[in-house]
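A.B. asks: Dumping the structure here so I can ask a few things about it.
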Amino acid sequence: MSQSFEDEIAALTQKVQSDPGLLNPESRIRALKATRDLLHAITPPPETAIQDVVLSPVLLMAMRVGVDLGVFQAICDGQGEEVTTESIAEKSGASFLLLDQILRVLASAGYILEAGVQSFKPSPLTAIMAAPPFIAMTRACFDIGNYTTTYAPEYFRQHKHAFPPSAKETPFQLAKNTSLGYFAWLVENPSLAADFQAWMTVKQQASPNWVDWFDVEGLILNGFEEHNTQGSSSGDEEEEQAEPVLVVDIGGGEGHYLHAFNRRFPHAPGQRILQDLPHVIDTVSDIPDKTKLMAYDFFTAQPVQGARTYYLHWILHDWADPQARHILSNISAAMKPGYSRLIINEAIIHDKGCDFATACISAMMMLQVGARERTEGQWRELLADVGLTDVRCYQPPAGSAGEGIILVQK
């Protein structure tokens, strides 16, 4: 007797669950697409629309309230034993009736498992949602992102459906009732700023690192001038001037990518420079090897002249073209012709067939900072505007969800 359609799906699901290593990254991406195609094929269009428009916002609310009440941690603390709605209510101080509603939504979506009537156990998603970085993600993305998307339709009606003209005239300002730009607002709201930074760190760690797939050896290390005194950081000390710079990580936060670079190329010569705003640099506790910390605003002249590599990650997608040109001009002025390279590690949107996550992130950049992700053509045009025309674009490996590389020489 042949298997039913449902049995075939169940058998395939069990096969994947029992062997986590069954799919390599490339085949996993293909399988995900095939699974989504199957889901769309068997879901009537009205159901899909209802799910996305009516039900998804309720799930987001339940997750956010669940984080506030410590629901995910409480269920994980049960160590596999049943945890009741009543016990969570006693622990959190929340209304039993409120929790009954929230827990029902979370269980129906798989974020927790029903063990019995009004009792629960953890699912694989429960532990993720109880982890501090994902708690931070939920707070930051809901309290900033979800507020902004909610107010976006009203903003566009008020502005005759024009693209936001500046970083201080976006749906974000309407949502938060502020005249501040997004990043200035974060400075005024340190708790959410910390959540945002924690979420960015998780996203960085989860994304494929450029040093693991890009030809760093051939395009960066080969040709590095170990005795090039021009490629050095500015300063008054002679020994500082005498050490050539291999990599300048501009706006590099806590140094995640320099740590990754050093792990991949521990014996690479030359100095590394980690640049960011003073309030960021002051918080860096784990300094990457061979690295100098430097407080720097990328809207000012680049103090490190003639370095081998200037590196930007997730910087230019935060800025509209006029500001991006300003940032690039400062870097270009510091580059040594024929020697220095600029590496822009950002999304390179396909002209057709952009993936859902990248499309959403690009739209969010528009809503919060009046910017966007860029296609290869838009990257080339932006760079040409500041006189940089020797440009090569590299997409990440097949099956990867990471960003591409735009390699620029002067």
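Residue numbering restarts at 1 in every chain; chains get A, B, ... in the order shown in the structure tokens, and ligands count up from 1 in that same order.
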Determine, counting only C-alpha atoms, which protein, DNA and RNA residues have an atom within 9 Å of an atom of stretch 140-147 of chain A; residues of the same chain fewer than 2 positions away are not included. Present the result as a list in words.

C.D. replies: Leu60, Met61, Arg64, Ile135, Ala136, Met137, Thr138, Thr149, Thr150, Tyr151, Ala152, Phe172, Ala175, Lys176, Leu192, Ala193, Ala194, Asp195, Phe196, Trp199, Met364, Leu367 and Gln368 of chain A

A.B. asks: So which bits of stretch 166-369 of chain A end up strand (DSSP E) when you DSSP the backbone, as a PyMOL selection string?

C.D. replies: chain A and resi 245-250+271-276+291-295+309-313+341-346+348-349

A.B. asks: From the options A:Ser108, A:Val211, A:Gly306, A:Asp355, which residue's atoms come nearest to A:Leu32, counting only C-alpha atoms?

C.D. replies: A:Asp355

A.B. asks: Residues at most 12 Å from A:Phe224, counting only C-alpha atoms, excluding those fewer than 3 positions away in the same chain, as a PyMOL selection string?

C.D. replies: chain A and resi 216-221+227-229+231+244-247+268-271+306-309+338-341

A.B. asks: Take the residues from that selection and put them in a file with C-alpha atoms, as a PDB file, in the first residue's frame.

C.D. replies:
```pdb
ATOM      1  CA  VAL A 216      41.767  37.440   1.501  1.00  0.00           C
ATOM      2  CA  GLU A 217      45.092  35.744   0.824  1.00  0.00           C
ATOM      3  CA  GLY A 218      45.192  36.618  -2.860  1.00  0.00           C
ATOM      4  CA  LEU A 219      43.538  40.024  -2.849  1.00  0.00           C
ATOM      5  CA  ILE A 220      44.588  41.500   0.503  1.00  0.00           C
ATOM      6  CA  LEU A 221      47.581  39.771   2.079  1.00  0.00           C
ATOM      7  CA  HIS A 227      57.512  48.397   5.452  1.00  0.00           C
ATOM      8  CA  ASN A 228      55.097  50.921   3.941  1.00  0.00           C
ATOM      9  CA  THR A 229      55.303  53.828   6.391  1.00  0.00           C
ATOM     10  CA  GLY A 231      50.073  53.004   5.463  1.00  0.00           C
ATOM     11  CA  PRO A 244      51.953  49.718   8.377  1.00  0.00           C
ATOM     12  CA  VAL A 245      48.230  49.098   8.654  1.00  0.00           C
ATOM     13  CA  LEU A 246      46.683  45.985   7.165  1.00  0.00           C
ATOM     14  CA  VAL A 247      43.012  46.571   8.029  1.00  0.00           C
ATOM     15  CA  ALA A 268      49.037  38.043   9.038  1.00  0.00           C
ATOM     16  CA  PRO A 269      51.411  40.995   9.449  1.00  0.00           C
ATOM     17  CA  GLY A 270      50.535  44.618  10.020  1.00  0.00           C
ATOM     18  CA  GLN A 271      48.475  46.662  12.401  1.00  0.00           C
ATOM     19  CA  GLY A 306      47.458  54.578   2.832  1.00  0.00           C
ATOM     20  CA  ALA A 307      46.295  51.449   4.651  1.00  0.00           C
ATOM     21  CA  ARG A 308      46.104  48.224   2.705  1.00  0.00           C
ATOM     22  CA  THR A 309      42.413  47.665   3.479  1.00  0.00           C
ATOM     23  CA  GLY A 338      47.146  51.173  -6.861  1.00  0.00           C
ATOM     24  CA  TYR A 339      47.629  49.756  -3.370  1.00  0.00           C
ATOM     25  CA  SER A 340      44.744  50.387  -0.977  1.00  0.00           C
ATOM     26  CA  ARG A 341      41.523  48.412  -1.164  1.00  0.00           C
TER      27      ARG A 341
END
```

A.B. asks: According to DSSP computed on the backbone, where in stretch 32-100 of chain A is there helix (DSSP H, G or I)? Give the residues as an NGL selection string.

C.D. replies: :A and (32-42 or 45-69 or 71-77 or 85-92 or 96-100)

A.B. asks: Skipping near chain neighbours, those fewer than 2 positions away, what residues fall within 9 Å of A:Glu82 using only C-alpha atoms, listed as a ChimeraX atom specification?

C.D. replies: /A:75,78-80,84,114-116,119-122

A.B. asks: Emit the selected residues as a compact mmCIF listing (two decimals), in the first residue's frame, including C-alpha atoms.

C.D. replies:
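Final file, out.txt:
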```txt
# COMPACT_ATOMS: atom_id res chain seq x y z
CA ILE A 75 9.06 27.16 30.99
CA GLY A 78 10.97 23.57 34.48
CA GLN A 79 13.77 21.45 32.97
CA GLY A 80 11.36 19.44 30.87
CA THR A 84 1.35 25.47 34.56
CA GLU A 114 1.23 22.06 25.36
CA ALA A 115 1.85 19.24 27.85
CA GLY A 116 -1.70 19.15 29.18
CA SER A 119 0.44 23.22 31.28
CA PHE A 120 3.47 23.54 29.03
CA LYS A 121 6.92 22.23 28.18
CA PRO A 122 9.71 23.82 26.10
```

A.B. asks: Would you mind reading off the distance between atom CA of A:Ser87 and atom CA of A:Asp68, one decimal, in Å?

C.D. replies: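 Straight-line distance from atom CA of A:Ser87 to atom CA of A:Asp68 works out to 15.9 Å.
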
A.B. asks: Write out as a list in words each polymer residue whose atoms come within 8 Å of stretch 57-59 of chain A, counting only C-alpha atoms; drop sequence neighbours fewer than 6 positions from it.

C.D. replies: Val105, Leu106 and Ala109 of chain A

A.B. asks: Got time to write the residues from that selection, N, CA and C atoms, as a CSV table (one decimal), in the first residue's frame?

C.D. replies:
```csv
chain,number,residue,atom,x,y,z
A,105,VAL,N,-1.6,31.4,22.3
A,105,VAL,CA,-1.1,31.9,21.0
A,105,VAL,C,0.3,31.3,20.8
A,106,LEU,N,1.2,31.4,21.8
A,106,LEU,CA,2.5,30.9,21.7
A,106,LEU,C,2.6,29.4,21.4
A,109,ALA,N,1.6,28.4,17.9
A,109,ALA,CA,2.7,28.8,16.9
A,109,ALA,C,4.0,28.0,17.1
```

A.B. asks: Near stretch 346-349 of chain A, counting only C-alpha atoms, which residues have an atom at most 7 Å away, once you skip same-chain residues fewer than 2 positions from it, shown as a compact mmCIF listing (two decimals) with C-alpha atoms, in the first residue's frame?

C.D. replies:
```
# COMPACT_ATOMS: atom_id res chain seq x y z
CA HIS A 313 30.21 46.36 7.21
CA TRP A 314 26.55 47.36 7.59
CA ILE A 344 32.21 46.99 1.47
CA ASP A 351 17.80 42.75 -9.85
CA CYS A 354 15.49 39.14 -4.08
CA GLU A 373 20.00 48.13 0.47
CA ARG A 374 21.49 48.44 -3.05
CA THR A 375 21.73 46.43 -6.25
CA GLU A 376 25.07 45.94 -7.99
CA GLU A 403 26.22 39.69 2.57
CA GLY A 404 28.30 40.13 -0.54
CA ILE A 405 31.60 41.93 -1.05
```

A.B. asks: Can you tell me, as a PyMOL selection string, what residues are no more than 9 Å from stretch 200-209 of chain A when counting only C-alpha atoms, ignoring any on the same chain fewer than 2 positions away?

C.D. replies: chain A and resi 133-134+137+195-198+211-214+254+256-257+260-261+396+400-403

A.B. asks: Suppose you want the space between atom CA of A:Tyr311 and atom CA of A:Pro337; what is it in Å?

C.D. replies: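 Between atom CA of A:Tyr311 and atom CA of A:Pro337 the gap is 16.4 Å.
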
A.B. asks: I'd like the interatomic distance between atom CA of A:Ala107 and atom CA of A:Thr126, to a tenth of an Å.

C.D. replies: 10.0 Å
